[in-house]
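Visitor: This is coords_8.csv (CSV, C-alpha atoms (C1' of nucleotides)).
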```csv
chain,number,residue,atom,x,y,z
A,1,MET,CA,2.3,-17.2,-10.8
A,2,THR,CA,-0.5,-16.5,-8.3
A,3,TRP,CA,-3.4,-14.1,-8.5
A,4,SER,CA,-1.6,-11.4,-6.5
A,5,ASP,CA,1.2,-11.2,-9.0
A,6,TYR,CA,-1.3,-9.6,-11.4
A,7,SER,CA,-2.4,-6.1,-11.4
A,8,SER,CA,-5.4,-5.5,-9.2
A,9,ASP,CA,-6.7,-2.6,-11.4
A,10,ASP,CA,-6.5,-4.6,-14.6
A,11,CYS,CA,-9.5,-6.6,-13.8
A,12,SER,CA,-13.1,-6.4,-15.0
A,13,ILE,CA,-14.4,-6.3,-11.4
A,14,ALA,CA,-12.0,-3.4,-10.6
A,15,ARG,CA,-13.0,-1.5,-13.7
A,16,THR,CA,-16.7,-1.9,-13.0
A,17,ALA,CA,-16.2,-1.0,-9.4
A,18,GLN,CA,-14.6,2.2,-10.6
A,19,ILE,CA,-18.0,3.2,-12.0
A,20,LEU,CA,-20.4,1.6,-9.5
A,21,GLY,CA,-18.2,1.4,-6.4
A,22,ASP,CA,-20.1,4.0,-4.5
A,23,ARG,CA,-22.9,3.8,-2.1
A,24,TRP,CA,-25.2,5.7,-4.5
A,25,ALA,CA,-24.3,4.6,-8.0
A,26,VAL,CA,-25.9,1.2,-7.7
A,27,LEU,CA,-29.1,2.7,-6.2
A,28,VAL,CA,-29.4,5.3,-8.9
A,29,VAL,CA,-29.2,2.5,-11.5
A,30,ARG,CA,-31.8,0.5,-9.5
A,31,ASP,CA,-34.2,3.4,-9.5
A,32,LEU,CA,-33.7,4.1,-13.2
A,33,PHE,CA,-34.5,0.4,-13.7
A,34,ASN,CA,-37.7,0.9,-11.8
A,35,GLY,CA,-38.9,3.7,-13.9
A,36,VAL,CA,-37.7,6.8,-11.9
A,37,ARG,CA,-36.4,9.2,-14.5
A,38,ARG,CA,-36.3,12.7,-13.3
A,39,PHE,CA,-33.7,14.4,-11.1
A,40,ASP,CA,-36.0,15.5,-8.3
A,41,GLU,CA,-37.7,12.2,-8.1
A,42,LEU,CA,-34.4,10.5,-7.8
A,43,GLN,CA,-33.2,13.0,-5.2
A,44,ARG,CA,-36.3,12.6,-3.1
A,45,HIS,CA,-36.6,8.9,-3.3
A,46,LEU,CA,-33.0,8.2,-2.6
A,47,GLY,CA,-32.4,10.9,-0.1
A,48,ILE,CA,-29.1,11.7,-1.8
A,49,ALA,CA,-27.6,15.2,-1.6
A,50,ARG,CA,-28.4,17.2,-4.7
A,51,ASP,CA,-24.8,17.9,-5.7
A,52,VAL,CA,-23.8,14.3,-5.2
A,53,LEU,CA,-26.7,13.2,-7.5
A,54,THR,CA,-25.5,15.7,-10.1
A,55,LYS,CA,-22.1,14.2,-10.0
A,56,ARG,CA,-23.2,10.6,-10.0
A,57,LEU,CA,-25.5,11.1,-13.0
A,58,ALA,CA,-22.8,12.9,-14.8
A,59,LEU,CA,-20.5,10.0,-14.3
A,60,LEU,CA,-23.0,7.5,-15.4
A,61,VAL,CA,-23.7,9.5,-18.5
A,62,ASP,CA,-20.0,9.8,-19.1
A,63,GLU,CA,-19.5,6.1,-18.9
A,64,GLY,CA,-22.3,5.5,-21.2
A,65,LEU,CA,-24.7,3.7,-18.8
A,66,VAL,CA,-27.2,6.4,-18.8
A,67,GLU,CA,-28.6,8.8,-21.4
A,68,LYS,CA,-29.8,12.3,-20.5
A,69,ARG,CA,-32.5,13.2,-23.0
A,70,PRO,CA,-34.7,16.2,-23.3
A,71,VAL,CA,-38.4,15.7,-23.0
A,72,LYS,CA,-41.0,18.1,-24.2
A,73,VAL,CA,-44.5,17.4,-23.0
A,74,GLU,CA,-47.2,19.6,-24.4
A,75,GLY,CA,-48.2,22.4,-22.1
A,76,GLU,CA,-45.1,21.8,-19.9
A,77,ARG,CA,-41.7,23.3,-20.0
A,78,ALA,CA,-38.9,21.3,-21.5
A,79,ARG,CA,-37.2,19.0,-19.1
A,80,HIS,CA,-34.9,16.1,-19.4
A,81,GLU,CA,-35.0,12.6,-18.1
A,82,TYR,CA,-32.4,10.0,-17.4
A,83,VAL,CA,-32.7,6.7,-19.1
A,84,LEU,CA,-30.5,3.6,-19.1
A,85,THR,CA,-28.7,2.7,-22.2
A,86,GLU,CA,-28.1,-0.8,-23.4
A,87,PRO,CA,-24.9,-1.2,-21.3
A,88,GLY,CA,-26.9,0.2,-18.3
A,89,ARG,CA,-29.7,-2.2,-18.9
A,90,GLU,CA,-27.2,-5.1,-19.0
A,91,LEU,CA,-26.6,-4.5,-15.3
A,92,ARG,CA,-29.8,-6.2,-14.6
A,93,THR,CA,-28.1,-9.5,-13.9
A,94,MET,CA,-25.8,-7.9,-11.4
A,95,LEU,CA,-28.6,-6.0,-9.7
A,96,ILE,CA,-30.6,-9.2,-9.3
A,97,ALA,CA,-27.5,-11.0,-8.0
A,98,ILE,CA,-27.1,-8.3,-5.4
A,99,MET,CA,-30.8,-8.5,-4.6
A,100,ASP,CA,-30.8,-12.2,-4.2
A,101,TRP,CA,-28.0,-12.0,-1.7
A,102,GLY,CA,-29.7,-9.3,0.3
A,103,ASP,CA,-33.0,-11.2,0.2
A,104,ARG,CA,-31.2,-14.2,1.6
A,105,TYR,CA,-29.0,-12.7,4.2
A,106,ARG,CA,-30.5,-9.3,5.0
A,107,ALA,CA,-34.3,-9.7,4.7
A,108,GLY,CA,-36.3,-8.5,7.6
A,109,ALA,CA,-38.9,-10.5,9.4
A,110,ASP,CA,-41.5,-10.0,6.7
A,111,GLY,CA,-39.3,-11.4,4.0
A,112,PRO,CA,-38.0,-9.7,0.9
A,113,PRO,CA,-39.6,-6.4,0.0
A,114,VAL,CA,-39.9,-7.0,-3.7
A,115,GLN,CA,-39.7,-9.8,-6.2
A,116,ILE,CA,-38.7,-9.7,-9.8
A,117,ARG,CA,-40.9,-11.9,-12.0
A,118,HIS,CA,-40.7,-13.2,-15.5
A,119,ARG,CA,-43.5,-11.2,-17.2
A,120,GLU,CA,-44.6,-14.1,-19.4
A,121,CYS,CA,-44.9,-16.8,-16.9
A,122,GLY,CA,-45.0,-14.9,-13.6
A,123,ALA,CA,-42.3,-17.0,-11.9
A,124,PRO,CA,-39.7,-15.3,-9.8
A,125,VAL,CA,-36.3,-14.5,-11.4
A,126,HIS,CA,-32.9,-15.2,-9.9
A,127,ALA,CA,-29.3,-14.9,-10.9
A,128,ARG,CA,-27.6,-18.2,-11.4
A,129,LEU,CA,-24.1,-19.3,-12.4
A,130,MET,CA,-23.9,-21.6,-15.4
A,131,CYS,CA,-21.0,-22.9,-17.4
A,132,THR,CA,-21.3,-22.7,-21.2
A,133,ASP,CA,-21.7,-26.4,-21.3
A,134,GLY,CA,-24.9,-25.9,-19.5
A,135,HIS,CA,-24.0,-27.1,-16.0
A,136,GLU,CA,-25.5,-25.2,-13.1
A,137,ILE,CA,-22.8,-24.0,-10.8
A,138,ALA,CA,-24.1,-24.6,-7.3
A,139,PRO,CA,-22.6,-23.0,-4.2
A,140,GLU,CA,-20.3,-26.0,-3.5
A,141,THR,CA,-19.3,-26.4,-7.1
A,142,ARG,CA,-15.6,-25.5,-7.5
A,143,THR,CA,-14.5,-23.1,-10.1
A,144,GLU,CA,-11.0,-22.1,-11.1
A,145,LEU,CA,-9.5,-18.8,-12.3
A,146,VAL,CA,-7.6,-18.9,-15.5
A,147,VAL,CA,-5.4,-16.0,-16.5
A,148,MET,CA,-6.0,-14.8,-20.1
A,149,ALA,CA,-4.2,-12.6,-22.6
A,150,GLY,CA,-5.7,-9.4,-21.2
A,151,ALA,CA,-4.0,-9.8,-17.8
A,152,ARG,CA,-1.1,-7.5,-16.7
A,153,PHE,CA,1.5,-8.0,-14.2
A,154,ARG,CA,1.7,-5.8,-11.2
A,155,GLY,CA,3.5,-2.6,-11.8
B,1,MET,CA,-48.6,2.8,-6.0
B,2,THR,CA,-45.4,3.2,-7.8
B,3,TRP,CA,-41.9,2.1,-6.9
B,4,SER,CA,-40.9,5.5,-5.6
B,5,ASP,CA,-43.7,5.4,-3.0
B,6,TYR,CA,-41.7,2.7,-1.2
B,7,SER,CA,-38.8,3.3,1.0
B,8,SER,CA,-35.5,3.2,-0.8
B,9,ASP,CA,-33.6,1.9,2.2
B,10,ASP,CA,-35.9,-1.0,2.7
B,11,CYS,CA,-34.6,-2.9,-0.3
B,12,SER,CA,-32.3,-5.8,-0.5
B,13,ILE,CA,-30.1,-3.9,-3.0
B,14,ALA,CA,-29.8,-0.9,-0.6
B,15,ARG,CA,-29.0,-3.2,2.3
B,16,THR,CA,-26.3,-5.0,0.4
B,17,ALA,CA,-24.9,-1.7,-0.9
B,18,GLN,CA,-24.6,-0.6,2.7
B,19,ILE,CA,-22.0,-3.3,3.1
B,20,LEU,CA,-20.4,-3.5,-0.3
B,21,GLY,CA,-21.1,0.0,-1.6
B,22,ASP,CA,-17.6,1.2,-1.4
B,23,ARG,CA,-14.8,1.2,-3.9
B,24,TRP,CA,-12.8,-1.3,-1.9
B,25,ALA,CA,-15.2,-3.7,-0.3
B,26,VAL,CA,-15.9,-5.6,-3.5
B,27,LEU,CA,-12.2,-5.7,-4.3
B,28,VAL,CA,-11.4,-7.1,-0.9
B,29,VAL,CA,-14.0,-9.8,-1.3
B,30,ARG,CA,-12.6,-10.6,-4.8
B,31,ASP,CA,-9.1,-11.0,-3.5
B,32,LEU,CA,-10.3,-13.2,-0.6
B,33,PHE,CA,-12.0,-15.3,-3.2
B,34,ASN,CA,-8.8,-15.6,-5.1
B,35,GLY,CA,-6.9,-16.9,-2.1
B,36,VAL,CA,-5.4,-13.7,-0.7
B,37,ARG,CA,-5.7,-14.0,3.0
B,38,ARG,CA,-3.3,-11.8,4.9
B,39,PHE,CA,-3.5,-8.2,5.7
B,40,ASP,CA,-0.2,-7.1,4.1
B,41,GLU,CA,-0.9,-9.1,1.0
B,42,LEU,CA,-4.2,-7.5,0.6
B,43,GLN,CA,-2.8,-4.1,1.3
B,44,ARG,CA,0.0,-4.4,-1.3
B,45,HIS,CA,-2.1,-6.0,-3.9
B,46,LEU,CA,-5.0,-3.6,-3.7
B,47,GLY,CA,-2.9,-0.5,-3.1
B,48,ILE,CA,-5.4,0.5,-0.4
B,49,ALA,CA,-4.4,2.7,2.5
B,50,ARG,CA,-3.7,0.6,5.6
B,51,ASP,CA,-6.2,2.2,7.9
B,52,VAL,CA,-8.9,1.9,5.3
B,53,LEU,CA,-8.2,-1.8,4.9
B,54,THR,CA,-8.4,-2.2,8.6
B,55,LYS,CA,-11.8,-0.6,8.7
B,56,ARG,CA,-13.2,-2.4,5.7
B,57,LEU,CA,-12.1,-5.8,7.1
B,58,ALA,CA,-13.6,-5.0,10.4
B,59,LEU,CA,-16.9,-4.1,8.7
B,60,LEU,CA,-16.9,-7.3,6.7
B,61,VAL,CA,-16.1,-9.4,9.8
B,62,ASP,CA,-18.9,-7.5,11.6
B,63,GLU,CA,-21.3,-8.2,8.9
B,64,GLY,CA,-20.4,-11.9,8.9
B,65,LEU,CA,-19.0,-12.1,5.4
B,66,VAL,CA,-15.5,-12.7,6.6
B,67,GLU,CA,-13.9,-14.6,9.5
B,68,LYS,CA,-10.7,-13.5,11.0
B,69,ARG,CA,-8.9,-16.5,12.3
B,70,PRO,CA,-5.6,-17.1,14.0
B,71,VAL,CA,-3.1,-19.2,12.2
B,72,LYS,CA,-0.1,-20.8,13.8
B,73,VAL,CA,2.5,-22.2,11.4
B,74,GLU,CA,5.3,-24.1,13.0
B,75,GLY,CA,8.4,-22.0,13.3
B,76,GLU,CA,6.5,-18.8,12.6
B,77,ARG,CA,4.9,-16.3,14.9
B,78,ALA,CA,1.1,-16.6,15.3
B,79,ARG,CA,-0.8,-14.6,12.7
B,80,HIS,CA,-4.3,-14.4,11.5
B,81,GLU,CA,-5.9,-14.7,8.2
B,82,TYR,CA,-9.1,-13.5,6.7
B,83,VAL,CA,-11.4,-16.1,5.2
B,84,LEU,CA,-14.8,-15.8,3.6
B,85,THR,CA,-17.7,-17.3,5.5
B,86,GLU,CA,-20.6,-19.0,3.7
B,87,PRO,CA,-22.5,-15.7,3.2
B,88,GLY,CA,-19.3,-14.2,1.8
B,89,ARG,CA,-18.8,-17.1,-0.5
B,90,GLU,CA,-22.4,-16.7,-1.7
B,91,LEU,CA,-21.3,-13.4,-3.3
B,92,ARG,CA,-19.7,-15.4,-6.1
B,93,THR,CA,-22.7,-15.0,-8.3
B,94,MET,CA,-22.6,-11.2,-7.8
B,95,LEU,CA,-18.9,-11.0,-8.5
B,96,ILE,CA,-19.2,-13.0,-11.6
B,97,ALA,CA,-22.1,-10.8,-12.8
B,98,ILE,CA,-19.9,-7.8,-12.2
B,99,MET,CA,-17.0,-9.4,-14.0
B,100,ASP,CA,-19.2,-10.4,-17.0
B,101,TRP,CA,-20.3,-6.8,-17.4
B,102,GLY,CA,-16.8,-5.5,-17.2
B,103,ASP,CA,-15.5,-8.2,-19.6
B,104,ARG,CA,-18.1,-7.1,-22.0
B,105,TYR,CA,-18.0,-3.3,-21.8
B,106,ARG,CA,-14.7,-2.5,-20.3
B,107,ALA,CA,-12.2,-5.1,-21.6
B,108,GLY,CA,-9.0,-3.8,-23.2
B,109,ALA,CA,-7.8,-4.7,-26.6
B,110,ASP,CA,-6.5,-8.0,-25.4
B,111,GLY,CA,-9.8,-9.1,-24.1
B,112,PRO,CA,-10.7,-10.1,-20.6
B,113,PRO,CA,-7.9,-10.6,-18.1
B,114,VAL,CA,-9.2,-13.7,-16.4
B,115,GLN,CA,-11.8,-16.3,-16.9
B,116,ILE,CA,-13.7,-18.4,-14.4
B,117,ARG,CA,-14.1,-22.0,-15.3
B,118,HIS,CA,-16.1,-24.9,-14.1
B,119,ARG,CA,-13.5,-27.1,-12.6
B,120,GLU,CA,-15.0,-30.3,-13.7
B,121,CYS,CA,-15.7,-29.6,-17.4
B,122,GLY,CA,-13.4,-26.6,-18.0
B,123,ALA,CA,-16.1,-24.5,-19.6
B,124,PRO,CA,-16.3,-20.8,-18.7
B,125,VAL,CA,-18.8,-19.8,-16.1
B,126,HIS,CA,-21.2,-16.8,-16.4
B,127,ALA,CA,-24.1,-15.3,-14.4
B,128,ARG,CA,-27.5,-15.8,-16.0
B,129,LEU,CA,-31.0,-14.8,-15.1
B,130,MET,CA,-33.5,-17.6,-14.9
B,131,CYS,CA,-37.0,-17.8,-13.6
B,132,THR,CA,-37.9,-20.6,-11.3
B,133,ASP,CA,-39.9,-22.2,-14.1
B,134,GLY,CA,-36.6,-22.7,-15.9
B,135,HIS,CA,-36.9,-20.0,-18.6
B,136,GLU,CA,-33.7,-18.1,-19.4
B,137,ILE,CA,-34.2,-14.4,-19.0
B,138,ALA,CA,-32.5,-12.9,-22.0
B,139,PRO,CA,-31.6,-9.2,-22.2
B,140,GLU,CA,-34.8,-8.3,-24.0
B,141,THR,CA,-37.0,-10.4,-21.8
B,142,ARG,CA,-39.3,-8.3,-19.8
B,143,THR,CA,-39.5,-8.7,-16.1
B,144,GLU,CA,-41.8,-7.0,-13.6
B,145,LEU,CA,-41.4,-5.9,-10.1
B,146,VAL,CA,-43.9,-7.1,-7.5
B,147,VAL,CA,-44.1,-5.6,-4.1
B,148,MET,CA,-44.1,-8.1,-1.3
B,149,ALA,CA,-44.9,-8.1,2.4
B,150,GLY,CA,-41.5,-6.9,3.4
B,151,ALA,CA,-41.9,-3.5,1.7
B,152,ARG,CA,-42.3,-0.3,3.6
B,153,PHE,CA,-43.8,3.0,2.5
B,154,ARG,CA,-41.6,6.0,2.4
B,155,GLY,CA,-41.3,7.7,5.7
C,1,DC,C1',21.2,-7.4,21.5
C,2,DA,C1',20.0,-5.6,17.1
C,3,DT,C1',17.2,-6.5,13.1
C,4,DC,C1',13.3,-7.9,10.5
C,5,DT,C1',8.4,-8.6,9.6
C,6,DG,C1',3.4,-8.8,10.0
C,7,DA,C1',-0.3,-6.2,11.4
C,8,DG,C1',-1.8,-2.7,12.6
C,9,DT,C1',-2.4,2.6,14.8
C,10,DC,C1',-1.5,7.7,14.4
C,11,DT,C1',-1.1,12.0,12.1
C,12,DG,C1',-1.8,15.7,9.0
C,13,DT,C1',-3.6,16.9,4.6
C,14,DA,C1',-6.7,16.3,0.7
C,15,DA,C1',-10.9,14.9,-1.2
C,16,DT,C1',-16.0,13.8,-0.5
C,17,DC,C1',-20.4,14.1,1.6
C,18,DA,C1',-24.4,16.2,3.7
C,19,DA,C1',-27.8,19.9,4.4
C,20,DG,C1',-29.6,23.7,3.1
C,21,DA,C1',-29.6,28.2,0.8
C,22,DC,C1',-29.5,30.3,-3.6
C,23,DT,C1',-30.1,30.7,-8.9
C,24,DC,C1',-32.4,30.6,-13.2
C,25,DA,C1',-35.8,29.9,-16.8
C,26,DG,C1',-40.3,29.0,-18.3
C,27,DA,C1',-45.5,28.4,-17.2
C,28,DG,C1',-49.6,29.9,-14.8
C,29,DG,C1',-52.5,32.9,-12.3
C,30,DT,C1',-54.3,37.8,-11.6
D,1,DA,C1',-46.7,43.3,-16.4
D,2,DC,C1',-45.9,41.1,-12.1
D,3,DC,C1',-45.8,37.4,-8.7
D,4,DT,C1',-45.4,32.7,-7.7
D,5,DC,C1',-44.3,27.9,-8.5
D,6,DT,C1',-41.4,24.2,-10.0
D,7,DG,C1',-37.7,21.5,-12.0
D,8,DA,C1',-33.0,21.1,-12.1
D,9,DG,C1',-29.4,22.2,-10.7
D,10,DT,C1',-25.1,25.2,-8.3
D,11,DC,C1',-22.8,27.2,-4.0
D,12,DT,C1',-21.4,27.3,0.6
D,13,DT,C1',-20.2,25.6,4.9
D,14,DG,C1',-19.1,22.1,8.3
D,15,DA,C1',-18.5,17.0,9.1
D,16,DT,C1',-16.6,12.6,7.3
D,17,DT,C1',-13.6,9.7,5.1
D,18,DA,C1',-9.5,8.7,2.3
D,19,DC,C1',-4.6,8.8,1.5
D,20,DA,C1',0.4,8.6,2.3
D,21,DG,C1',3.6,7.9,5.2
D,22,DA,C1',5.6,7.6,9.9
D,23,DC,C1',5.3,5.1,14.1
D,24,DT,C1',4.4,1.0,17.3
D,25,DC,C1',4.7,-3.5,19.1
D,26,DA,C1',5.5,-8.4,19.6
D,27,DG,C1',7.7,-12.4,18.3
D,28,DA,C1',11.2,-14.7,15.2
D,29,DT,C1',16.0,-14.4,13.4
D,30,DG,C1',21.0,-13.7,13.3
```
Let's see the structure in the file written out as structure tokens.
Guide:
Amino acid sequence: MTWSDYSSDDCSIARTAQILGDRWAVLVVRDLFNGVRRFDELQRHLGIARDVLTKRLALLVDEGLVEKRPVKVEGERARHEYVLTEPGRELRTMLIAIMDWGDRYRAGADGPPVQIRHRECGAPVHARLMCTDGHEIAPETRTELVVMAGARFRG
Amino acid sequence: MTWSDYSSDDCSIARTAQILGDRWAVLVVRDLFNGVRRFDELQRHLGIARDVLTKRLALLVDEGLVEKRPVKVEGERARHEYVLTEPGRELRTMLIAIMDWGDRYRAGADGPPVQIRHRECGAPVHARLMCTDGHEIAPETRTELVVMAGARFRG
DNA sequence: CATCTGAGTCTGTAATCAAGACTCAGAGGT
DNA sequence: ACCTCTGAGTCTTGATTACAGACTCAGATG
């Protein structure tokens, strides 16, 4: 029973890619993380087409990663802003894993553009693989894939 | 100077998304990780259109994540296979971060379909955030973004 | 010589994306 | 009251890209 006997769609990576597997989705989440909250600000910063942004945000809201909430500031007209929900915020590990890879293999001559730091101690933060017994999984460390109850055979 | 004053494209996440920001790219890499190596096997398992697979593989080869190498098995015609390079293999942390998220928020009733384990001790492997001082960065732990030399202002 | 298979390429249609114009409602100025 | 500005979209019109399936081509197989 090899990996390719199991359904490709029935996989947590495939399901996540269904939501984030788009050139823009990840960047929208990144910007939301970095405090961008309003439609026009996202649109300008990302350079995304307006209708596409509308659709992406709607999907993210639909999938529960983002909340669209009304904001009423005194003396201004009512607006809304887009804020990450808890599931959305839990993507931080993934984002930092992506960033680590890019920093390493796609940084320009001046090095990485930004760094994420632990607010309390100031040290840079990275994504690491660990097993639940506390061993660090280095690049050469072998891992194996074990099929669990949730798996489905290929249709 | 806020985040949105800096160029969105000049960011390691944006650069990585340029390569992997596609519904299929991540799944192709996942399958290569899991030992699928041949064109037809990828095509069948993923259910991707053949011409799209051709293009994705070409991009991954171009970007240096995948190597296309000829294979000559005795008694068979020469073929080639697609194998991850070292940069490609370094995506493991990202893949597992994506999988962790999906396992948590998108698993079906039967739980996660597969588990990755440390081959030596058998314990499940997960992606974690750590600062270089060794502190674990839990979901509530605050991080901050520091702009470095590689950053560019918005054009 | 006819058939099979792996690894694509080609073709026609459907879906998405991009860029910019247009809409609409509320706030501010005159 | 009227005009203008802005935020947050929606609409429209090409240009790209995806999808499904047919077609190709070379070397093994019978």
Visitor: Find, counting all atoms listed in the file, the residue in B:Phe39, B:Phe33, B:Ala49, B:Ala107 that gets nearest to A:Arg142.
Guide: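 For A:Arg142, the nearest of the given residues is B:Phe33.
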Visitor: Could you please tell me, as a compact mmCIF listing (two decimals) with C-alpha atoms, in the frame of the given file, which residues of chain B have an atom within 12 Å of chain D when using only C-alpha atoms (C1' of nucleotides)?
Guide:
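Done, and the output landed in selection.txt:
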```txt
# COMPACT_ATOMS: atom_id res chain seq x y z
CA ASP B 22 -17.60 1.20 -1.40
CA ARG B 23 -14.80 1.20 -3.90
CA TRP B 24 -12.80 -1.30 -1.90
CA GLY B 47 -2.90 -0.50 -3.10
CA ILE B 48 -5.40 0.50 -0.40
CA ALA B 49 -4.40 2.70 2.50
CA ARG B 50 -3.70 0.60 5.60
CA ASP B 51 -6.20 2.20 7.90
CA VAL B 52 -8.90 1.90 5.30
CA LEU B 53 -8.20 -1.80 4.90
CA LYS B 55 -11.80 -0.60 8.70
CA GLU B 74 5.30 -24.10 13.00
CA GLY B 75 8.40 -22.00 13.30
CA GLU B 76 6.50 -18.80 12.60
CA ARG B 77 4.90 -16.30 14.90
CA ALA B 78 1.10 -16.60 15.30
CA ARG B 79 -0.80 -14.60 12.70
```
Visitor: What residues in chain C lie within 7 Å of chain A, counting only C-alpha atoms (C1' of nucleotides), written as a list of chain:residue names?
Guide: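 Per the criterion, chain C yields C:DA18, C:DG26, C:DA27.
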Visitor: Go through B:Met1, B:Val73, B:Leu27, B:Val61 and flag the residue nearest chain A, using only C-alpha atoms for the distances.
Guide: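 Ranking B:Met1, B:Val73, B:Leu27, B:Val61 by distance to chain A, first place goes to B:Leu27.
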Visitor: Quote the spacing between atom C1' of C:DT16 and atom CA of A:Leu60 in Å to one decimal place.
Guide: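 Here the two named atoms are 17.6 Å from each other.
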Visitor: Would you list the contacts of A:Arg104 as a list of chain:residue names, taking every protein, DNA or RNA residue within 10 Å and counting all atoms listed in the file, but skipping same-chain residues closer than 5 positions in sequence?
Guide: A:Met99, A:Gly111, A:Pro112, B:Ser12, B:Pro87, B:Glu90
Visitor: Using atom CA of A:Leu65 and atom CA of A:Leu84 as the two end points, give the distance in Å to one decimal.
Guide: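 One can read the atom CA of A:Leu65 to atom CA of A:Leu84 distance as 5.8 Å.
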Visitor: Work out how far apart atom CA of A:Ala123 and atom CA of B:Asp133 are and give it in Å to one decimal.
Guide: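 Value for the atom CA of A:Ala123-atom CA of B:Asp133 distance: 6.1 Å.
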